[in-house]
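Enquirer: I'm passing along structure30.cif; it holds mmCIF, C-alpha atoms.
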```cif
data_query
loop_
_atom_site.label_atom_id
_atom_site.label_comp_id
_atom_site.auth_asym_id
_atom_site.auth_seq_id
_atom_site.Cartn_x
_atom_site.Cartn_y
_atom_site.Cartn_z
CA MET Y 166 -1.78 26.74 25.84
CA THR Y 167 0.76 24.47 27.50
CA SER Y 168 2.52 25.21 30.76
CA THR Y 169 6.28 24.68 30.53
CA ALA Y 170 6.28 23.55 34.19
CA GLN Y 171 4.70 20.17 33.29
CA ASN Y 172 6.66 16.99 32.75
CA PRO Y 173 6.84 15.88 29.09
CA ALA Y 174 4.49 13.11 28.00
CA LEU Y 175 7.04 11.91 25.44
CA THR Y 176 10.77 12.55 25.07
CA ALA Y 177 13.46 11.26 22.74
CA GLY Y 178 17.19 11.84 23.01
CA ALA Y 179 20.10 11.22 20.60
CA LEU Y 180 17.50 9.63 18.31
CA SER Y 181 18.47 8.33 14.87
CA ILE Y 182 15.71 7.19 12.52
CA GLY Y 183 15.78 5.21 9.30
CA TYR Y 184 15.84 1.65 8.04
CA GLU Y 185 18.08 -1.29 8.78
CA GLN Y 186 18.38 -4.42 6.63
CA GLY Y 187 21.06 -6.79 7.79
CA ALA Y 188 24.32 -4.88 7.92
CA ASP Y 189 22.95 -2.04 5.80
CA LYS Y 190 21.56 1.07 7.43
CA ARG Y 191 19.83 4.01 5.82
CA CYS Y 192 19.75 6.89 8.27
CA LEU Y 193 17.25 9.66 7.50
CA ALA Y 194 17.94 11.85 10.54
CA GLU Y 195 20.20 11.52 13.55
CA ASP Y 196 20.88 12.98 16.97
CA LEU Y 197 17.30 14.26 17.33
CA SER Y 198 16.10 15.51 20.71
CA VAL Y 199 12.38 16.13 21.03
CA SER Y 200 9.65 16.39 23.63
CA LEU Y 201 5.86 16.52 23.58
CA MET Y 202 4.05 18.20 26.45
CA PRO Y 203 0.56 17.37 27.75
CA GLY Y 204 -1.99 19.69 26.14
CA GLU Y 205 0.28 20.53 23.21
CA PHE Y 206 -0.63 20.35 19.52
CA VAL Y 207 2.51 20.00 17.39
CA CYS Y 208 2.63 19.82 13.58
CA LEU Y 209 5.45 18.04 11.76
CA LEU Y 210 6.34 19.50 8.35
CA GLY Y 211 8.95 18.75 5.70
CA PRO Y 212 9.46 17.88 2.03
CA ASN Y 213 8.47 14.47 0.68
CA GLY Y 214 10.78 11.62 1.56
CA VAL Y 215 12.68 13.24 4.43
CA GLY Y 216 11.36 10.84 7.07
CA LYS Y 217 8.24 12.38 8.61
CA SER Y 218 6.32 9.09 8.57
CA THR Y 219 9.42 7.26 9.78
CA LEU Y 220 9.70 9.62 12.73
CA ILE Y 221 6.02 9.12 13.60
CA ARG Y 222 6.36 5.33 13.39
CA THR Y 223 9.54 5.35 15.45
CA LEU Y 224 8.03 7.48 18.21
CA ALA Y 225 5.01 5.16 18.19
CA GLY Y 226 7.22 2.10 18.68
CA MET Y 227 6.18 0.64 15.31
CA GLN Y 228 9.78 0.50 14.14
CA SER Y 229 12.98 0.56 16.11
CA PRO Y 230 15.25 3.61 16.21
CA LEU Y 231 18.73 3.20 14.77
CA ALA Y 232 20.06 4.83 17.92
CA GLY Y 233 18.82 6.73 20.94
CA GLN Y 234 16.02 6.32 23.44
CA ILE Y 235 12.34 7.19 23.64
CA GLN Y 236 10.52 7.66 26.91
CA ILE Y 237 6.78 7.78 27.51
CA ALA Y 238 5.59 9.09 30.86
CA GLY Y 239 9.15 8.76 32.14
CA LYS Y 240 9.48 5.07 31.13
CA ASN Y 241 11.86 3.64 28.54
CA PHE Y 242 9.52 2.83 25.66
CA GLY Y 243 11.39 -0.33 24.67
CA SER Y 244 10.83 -1.87 28.09
CA ILE Y 245 7.05 -1.32 28.15
CA PRO Y 246 4.89 -4.40 27.30
CA PRO Y 247 2.73 -4.01 24.15
CA ARG Y 248 -0.61 -3.83 26.00
CA GLU Y 249 0.66 -1.08 28.29
CA ARG Y 250 2.11 0.78 25.30
CA ALA Y 251 -1.33 0.78 23.71
CA ARG Y 252 -2.67 2.46 26.84
CA LEU Y 253 -0.06 5.20 26.54
CA VAL Y 254 0.18 5.94 22.80
CA SER Y 255 -2.45 5.87 20.06
CA VAL Y 256 -1.64 6.14 16.36
CA VAL Y 257 -3.56 7.23 13.26
CA LEU Y 258 -1.75 6.33 10.02
CA THR Y 259 -2.22 7.44 6.43
CA GLU Y 260 -3.03 3.91 5.27
CA ALA Y 261 -6.69 2.97 5.39
CA ALA Y 262 -7.56 0.57 8.18
CA PRO Y 263 -9.25 -2.73 7.20
CA ILE Y 264 -12.95 -2.20 7.78
CA GLY Y 265 -14.78 -5.27 6.46
CA LEU Y 266 -18.48 -5.39 7.35
CA MET Y 267 -18.13 -3.14 10.37
CA ASP Y 268 -20.21 -0.24 11.59
CA ALA Y 269 -18.63 2.86 13.07
CA TYR Y 270 -19.45 1.90 16.66
CA ALA Y 271 -17.68 -1.46 16.29
CA MET Y 272 -14.64 0.25 14.78
CA VAL Y 273 -14.36 2.81 17.58
CA SER Y 274 -14.86 0.00 20.11
CA LEU Y 275 -11.57 -1.49 18.92
CA GLY Y 276 -9.90 1.35 20.77
CA ARG Y 277 -10.84 -0.39 24.02
CA HIS Y 278 -8.89 -3.55 23.08
CA PRO Y 279 -5.91 -2.66 25.33
CA TYR Y 280 -8.29 -2.81 28.27
CA SER Y 281 -10.75 -5.55 27.33
CA GLY Y 282 -8.88 -7.82 24.91
CA TRP Y 283 -10.26 -8.92 21.54
CA PHE Y 284 -13.03 -11.02 23.06
CA GLY Y 285 -13.55 -9.03 26.25
CA SER Y 286 -16.94 -7.49 26.90
CA LEU Y 287 -17.36 -3.75 27.24
CA ASP Y 288 -18.20 -2.44 30.68
CA ALA Y 289 -19.88 0.86 31.56
CA HIS Y 290 -16.58 2.76 31.51
CA ASP Y 291 -15.70 1.36 28.07
CA ARG Y 292 -19.07 2.33 26.63
CA GLY Y 293 -18.83 5.77 28.21
CA ARG Y 294 -15.41 6.33 26.66
CA ILE Y 295 -16.68 5.23 23.25
CA GLU Y 296 -19.64 7.60 23.45
CA TRP Y 297 -17.31 10.41 24.51
CA ALA Y 298 -14.98 9.71 21.56
CA PHE Y 299 -17.88 9.97 19.09
CA GLU Y 300 -18.99 13.26 20.64
CA ALA Y 301 -15.44 14.63 20.74
CA VAL Y 302 -15.07 14.40 16.96
CA GLY Y 303 -18.67 15.37 16.20
CA ALA Y 304 -19.58 11.95 14.82
CA LYS Y 305 -22.27 10.65 17.17
CA HIS Y 306 -24.74 10.52 14.28
CA LEU Y 307 -22.43 8.12 12.41
CA ALA Y 308 -22.27 5.41 15.09
CA GLN Y 309 -24.64 2.97 13.37
CA ARG Y 310 -23.43 3.63 9.82
CA GLN Y 311 -21.33 1.09 7.93
CA VAL Y 312 -17.76 2.35 7.73
CA ALA Y 313 -17.56 1.35 4.06
CA GLU Y 314 -20.39 3.80 3.30
CA LEU Y 315 -18.74 6.80 4.94
CA SER Y 316 -17.02 9.65 3.12
CA ASP Y 317 -13.27 10.17 3.54
CA GLY Y 318 -13.90 12.93 6.07
CA GLU Y 319 -16.38 10.88 8.07
CA ARG Y 320 -14.11 7.84 8.04
CA GLN Y 321 -11.19 9.91 9.28
CA LYS Y 322 -13.31 11.16 12.19
CA ILE Y 323 -14.13 7.56 13.11
CA THR Y 324 -10.46 6.58 12.93
CA ILE Y 325 -9.56 9.42 15.28
CA ALA Y 326 -12.44 8.50 17.57
CA ARG Y 327 -11.00 4.97 17.79
CA ALA Y 328 -7.65 6.46 18.84
CA LEU Y 329 -9.40 8.64 21.43
CA ALA Y 330 -11.22 5.61 22.79
CA GLN Y 331 -7.79 4.17 23.72
CA GLU Y 332 -7.61 6.80 26.48
CA THR Y 333 -3.91 7.48 25.89
CA GLN Y 334 -1.63 10.32 26.95
CA VAL Y 335 -0.01 10.69 23.52
CA MET Y 336 -1.60 10.67 20.06
CA LEU Y 337 0.49 10.48 16.87
CA LEU Y 338 -1.16 11.11 13.50
CA ASP Y 339 0.48 10.67 10.09
CA GLU Y 340 -1.12 13.02 7.55
CA PRO Y 341 -4.73 12.61 8.74
CA THR Y 342 -5.91 15.42 6.44
CA ALA Y 343 -4.30 13.99 3.27
CA PHE Y 344 -7.50 13.01 1.45
CA LEU Y 345 -9.85 15.70 2.77
CA ASP Y 346 -11.17 18.82 1.09
CA LEU Y 347 -10.35 22.22 2.57
CA PRO Y 348 -13.42 22.65 4.83
CA ARG Y 349 -12.94 19.14 6.28
CA ARG Y 350 -9.20 19.79 6.80
CA VAL Y 351 -9.93 22.98 8.71
CA GLU Y 352 -12.62 21.25 10.78
CA LEU Y 353 -10.32 18.33 11.65
CA MET Y 354 -7.41 20.58 12.64
CA ARG Y 355 -9.73 22.60 14.88
CA ILE Y 356 -11.09 19.43 16.52
CA LEU Y 357 -7.61 18.04 17.17
CA ARG Y 358 -6.22 21.27 18.59
CA ASN Y 359 -9.21 21.67 20.89
CA LEU Y 360 -8.89 18.05 22.04
CA ALA Y 361 -5.19 18.48 22.81
CA HIS Y 362 -5.86 21.58 24.88
CA ARG Y 363 -9.01 20.37 26.64
CA GLU Y 364 -7.98 16.79 27.34
CA LYS Y 365 -4.27 17.51 27.98
CA LEU Y 366 -3.26 15.23 25.13
CA ALA Y 367 0.25 15.41 23.73
CA LEU Y 368 -0.62 15.40 20.04
CA LEU Y 369 1.79 15.24 17.08
CA LEU Y 370 0.46 15.45 13.54
CA SER Y 371 2.42 15.30 10.28
CA THR Y 372 1.05 17.32 7.39
CA HIS Y 373 1.94 18.98 4.10
CA ASP Y 374 -0.56 21.77 4.76
CA LEU Y 375 1.74 24.60 5.80
CA ASP Y 376 -0.98 27.24 6.03
CA LEU Y 377 -3.14 25.22 8.45
CA ALA Y 378 -0.11 24.22 10.51
CA LEU Y 379 0.83 27.89 10.91
CA ARG Y 380 -2.71 28.73 11.99
CA PHE Y 381 -3.39 25.87 14.41
CA ALA Y 382 -0.17 24.42 15.82
CA ASP Y 383 1.23 25.37 19.23
CA ARG Y 384 4.69 24.41 17.97
CA LEU Y 385 6.19 23.20 14.70
CA TRP Y 386 8.75 20.53 13.96
CA VAL Y 387 10.28 21.05 10.50
CA LEU Y 388 12.36 18.16 9.18
CA SER Y 389 14.83 19.05 6.42
CA GLY Y 390 16.30 16.88 3.70
CA GLU Y 391 19.61 16.96 5.59
CA GLY Y 392 18.01 15.40 8.65
CA GLU Y 393 17.86 18.59 10.71
CA LEU Y 394 14.78 18.97 12.90
CA ILE Y 395 13.90 22.62 13.48
CA GLN Y 396 11.58 23.23 16.43
CA GLY Y 397 9.82 26.36 17.58
CA TYR Y 398 6.72 28.52 17.62
CA PRO Y 399 5.11 28.86 14.17
CA GLU Y 400 5.67 32.62 14.00
CA ALA Y 401 9.34 32.36 14.96
CA ILE Y 402 10.05 29.76 12.27
CA ALA Y 403 8.08 31.74 9.67
CA MET Y 404 10.23 34.81 10.38
CA SER Y 405 13.56 32.98 10.61
CA GLY Y 406 13.98 32.02 6.96
CA ASP Y 407 13.97 28.30 7.80
CA PHE Y 408 10.99 27.59 5.54
CA ALA Y 409 12.82 29.13 2.59
CA ARG Y 410 15.85 26.95 3.31
CA VAL Y 411 14.03 23.66 3.97
CA PHE Y 412 11.62 23.97 1.04
CA GLU Y 413 14.13 25.59 -1.34
CA SER Y 414 13.02 25.26 -4.95
CA ASN Y 415 13.74 26.77 -8.35
CA ASN Y 416 10.05 27.54 -8.67
CA LEU Y 417 9.04 28.76 -5.20
CA ASP Y 418 9.96 31.51 -2.77
CA TRP Y 419 8.87 31.76 0.86
CA ASP Y 420 7.25 35.15 1.42
CA PRO Y 421 7.36 36.08 5.14
CA GLN Y 422 5.13 39.09 4.43
CA THR Y 423 2.18 36.89 3.48
CA GLY Y 424 3.17 33.69 5.31
CA SER Y 425 2.99 31.61 2.16
CA PHE Y 426 4.99 30.36 -0.80
CA ARG Y 427 4.83 32.07 -4.15
CA THR Y 428 6.03 31.11 -7.60
CA HIS Y 429 8.89 33.15 -8.97
CA PRO Y 430 9.10 33.11 -12.75
CA THR Y 431 11.64 35.76 -13.77
CA PRO Y 432 9.47 38.76 -14.70
CA CYS Y 433 10.19 40.64 -17.92
CA LEU Y 434 7.85 43.48 -16.98
CA HIS Y 435 6.91 45.18 -13.74
CA ALA Y 436 3.84 46.92 -12.42
CA LYS Y 437 3.29 49.34 -9.56
CA ILE Y 438 0.32 48.93 -7.24
CA GLU Y 439 -0.96 51.66 -4.94
CA GLY Y 440 -3.60 50.81 -2.37
CA GLU Y 441 -4.22 48.61 0.62
CA GLY Y 442 -6.52 45.87 1.83
CA VAL Y 443 -7.96 42.79 0.20
CA ALA Y 444 -8.26 44.32 -3.29
CA ALA Y 445 -4.57 45.27 -3.34
CA LEU Y 446 -3.49 41.85 -2.05
CA TRP Y 447 -5.38 39.91 -4.72
CA THR Y 448 -4.45 42.35 -7.48
CA ARG Y 449 -0.80 41.76 -6.61
CA ARG Y 450 -1.29 38.00 -6.63
CA ALA Y 451 -3.09 38.18 -10.00
CA LEU Y 452 -0.25 40.16 -11.60
CA GLU Y 453 2.40 37.83 -10.17
CA ARG Y 454 0.46 34.87 -11.54
CA LEU Y 455 0.46 36.55 -14.96
CA GLY Y 456 4.24 36.93 -14.81
CA PHE Y 457 4.65 40.55 -13.70
CA GLY Y 458 7.02 41.69 -11.00
CA ILE Y 459 5.85 44.31 -8.51
CA CYS Y 460 7.97 47.45 -8.13
CA GLU Y 461 7.85 50.63 -6.06
CA ASP Y 462 9.19 53.07 -8.64
CA ALA Y 463 6.75 54.10 -11.37
CA SER Y 464 9.63 54.71 -13.79
CA ASP Y 465 10.40 50.98 -13.71
CA ALA Y 466 6.78 49.97 -14.28
CA ALA Y 467 5.11 49.05 -17.55
CA PHE Y 468 1.87 50.25 -15.97
CA SER Y 469 0.51 51.24 -12.59
CA ILE Y 470 -2.71 50.50 -10.75
CA HIS Y 471 -4.21 52.78 -8.12
CA ILE Y 472 -6.90 51.10 -6.03
CA LYS Y 473 -9.40 53.26 -4.20
CA GLY Y 474 -12.49 51.72 -2.67
CA SER Y 475 -14.03 49.46 -5.31
CA ALA Y 476 -12.32 51.15 -8.27
CA TRP Y 477 -9.10 50.20 -10.08
CA GLN Y 478 -7.46 53.11 -11.94
CA VAL Y 479 -4.93 51.82 -14.48
CA THR Y 480 -2.32 53.97 -16.15
CA ARG Y 481 -0.08 52.91 -19.03
CA GLY Y 482 1.90 55.74 -20.53
CA ASP Y 483 -0.63 58.35 -21.53
CA GLN Y 484 -3.51 55.86 -21.47
CA GLN Y 485 -5.84 55.65 -18.48
CA ALA Y 486 -8.73 53.36 -17.71
CA GLU Y 487 -10.93 52.68 -14.71
CA PHE Y 488 -12.51 49.35 -13.78
CA ASP Y 489 -15.00 48.25 -11.14
CA SER Y 490 -13.84 44.63 -10.73
CA ILE Y 491 -10.64 42.65 -10.62
CA ASP Y 492 -12.01 40.51 -13.46
CA ALA Y 493 -11.99 43.57 -15.71
CA VAL Y 494 -8.44 44.46 -14.65
CA ILE Y 495 -7.18 40.95 -15.47
CA ASP Y 496 -8.97 41.02 -18.84
CA TRP Y 497 -7.32 44.39 -19.59
CA VAL Y 498 -3.85 43.01 -18.78
CA LEU Y 499 -4.43 39.91 -20.91
CA ASN Y 500 -5.62 41.95 -23.90
CA GLN Y 501 -2.66 44.35 -23.93
CA LYS Y 502 0.24 43.90 -26.32
CA TRP Y 503 3.41 43.65 -24.27
CA ALA Y 504 6.45 44.04 -26.52
#
```
Could you rewrite the structure in this file as structure tokens?
Expert:
Amino acid sequence: MTSTAQNPALTAGALSIGYEQGADKRCLAEDLSVSLMPGEFVCLLGPNGVGKSTLIRTLAGMQSPLAGQIQIAGKNFGSIPPRERARLVSVVLTEAAPIGLMDAYAMVSLGRHPYSGWFGSLDAHDRGRIEWAFEAVGAKHLAQRQVAELSDGERQKITIARALAQETQVMLLDEPTAFLDLPRRVELMRILRNLAHREKLALLLSTHDLDLALRFADRLWVLSGEGELIQGYPEAIAMSGDFARVFESNNLDWDPQTGSFRTHPTPCLHAKIEGEGVAALWTRRALERLGFGICEDASDAAFSIHIKGSAWQVTRGDQQAEFDSIDAVIDWVLNQKWA
């Protein structure tokens, strides 16, 4: 949890982002005002191609803004020498870093370059910071492994450990969970949130994983295709209808009741479900997947399901059946003739 009384670690005002080639400019978003606070874990969301990576790169100083200013620790970012910048901001990008014949310890040691230089020797503080970075991401056992031999999840931990070894105030990550399976994504999000809170890091992460962002982020930034940046607490944005607007699609609806998107094929038939809990939730999702709408009035329903305990009682006209598993209910629906 971040105290609002602190000074921001990073701010940007009247910021325009995009690309400039000669006299041609392509602006993706303009007049953005943002701030990152120490100890805050922020997730950046938005459809493909709206400029999430561009915003990350611009805030990191890797490409120039089209307009506006960025400040780190109260200093104009453009006036800070490169070595000092590297002591203030660390970056983890989607692209794989060149690894060559390098073990994990050597790769994480590169994070100390802003302090030691490429050929500088590591002192006790450097080695202590490297050891801490390995421990922080739960990768101490990987230190002597060749990076080329690591799994995607292990390699991502090492990349983040390298950024932690830089000992910066701000960390910017562009889709660090992109190539990870679900358990590794959850683990990485938990590690990053805990690091932000414990170490007072201002941490911004772009992701397409809406569910994990809602569960872990302190705040969300949602970038729309029109260049609008919506900012707020996850719950407030989920309730506001902004997700439905930003991710508008002919095939998806945002459901604020479940906090997730759902497909919306136009249903020809409807079903009524009575019951609560996990069984009712997944029965509803199964019927929606099969193309049924859910209704409240039994007179509008082709059939109804009453769930009690571990039993599903199905009624269709004057026919009744009872099942003891959702598998059996789905099989029943699939085997019916729906005129």
Enquirer: So that I can see what lies close to Val302 of chain Y, please list as a PyMOL selection string the residues with an atom at most 9 Å from it, counting only C-alpha atoms and leaving out residues fewer than 2 positions away in the same chain.
Expert: chain Y and resi 297-300+304-305+322-323+325-326+353+356-357+360
Enquirer: Quick one: residues within 9 Å of Glu461 of chain Y, all atoms listed in the file, excluding same-chain residues fewer than 4 positions away - as a PyMOL selection string?
Expert: chain Y and resi 436-439+465-466
Enquirer: I'd like the interatomic distance between atom CA of Ala238 of chain Y and atom CA of Leu369 of chain Y, to a tenth of an Å.
Expert: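 According to the coordinates, atom CA of Ala238 of chain Y and atom CA of Leu369 of chain Y are separated by 15.6 Å.
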Enquirer: If I take atom CA of Gln501 of chain Y and atom CA of Gly442 of chain Y, how far is one from the other in Å, to one decimal?
Expert: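 Taking atom CA of Gln501 of chain Y as the start and atom CA of Gly442 of chain Y as the end point, the length is 26.1 Å.
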Enquirer: Measuring between all atoms listed in the file, which one of Y:Ala308, Y:Leu337, Y:Met202, Y:Ala313 shows the shortest distance to Ala225 of chain Y?
Expert: Y:Leu337
Enquirer: I'd like the interatomic distance between atom CA of Gly406 of chain Y and atom CA of Val215 of chain Y, to a tenth of an Å.
Expert: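 Interatomic distance, atom CA of Gly406 of chain Y to atom CA of Val215 of chain Y: 19.0 Å.
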Enquirer: Any idea what's packed within 12 Å of Asp346 of chain Y, counting all atoms listed in the file, ignoring anything in its chain fewer than 2 positions away? Could you give it as a VMD selection string?
Expert: chain Y and resid 316 to 319 341 to 344 348 to 353 374
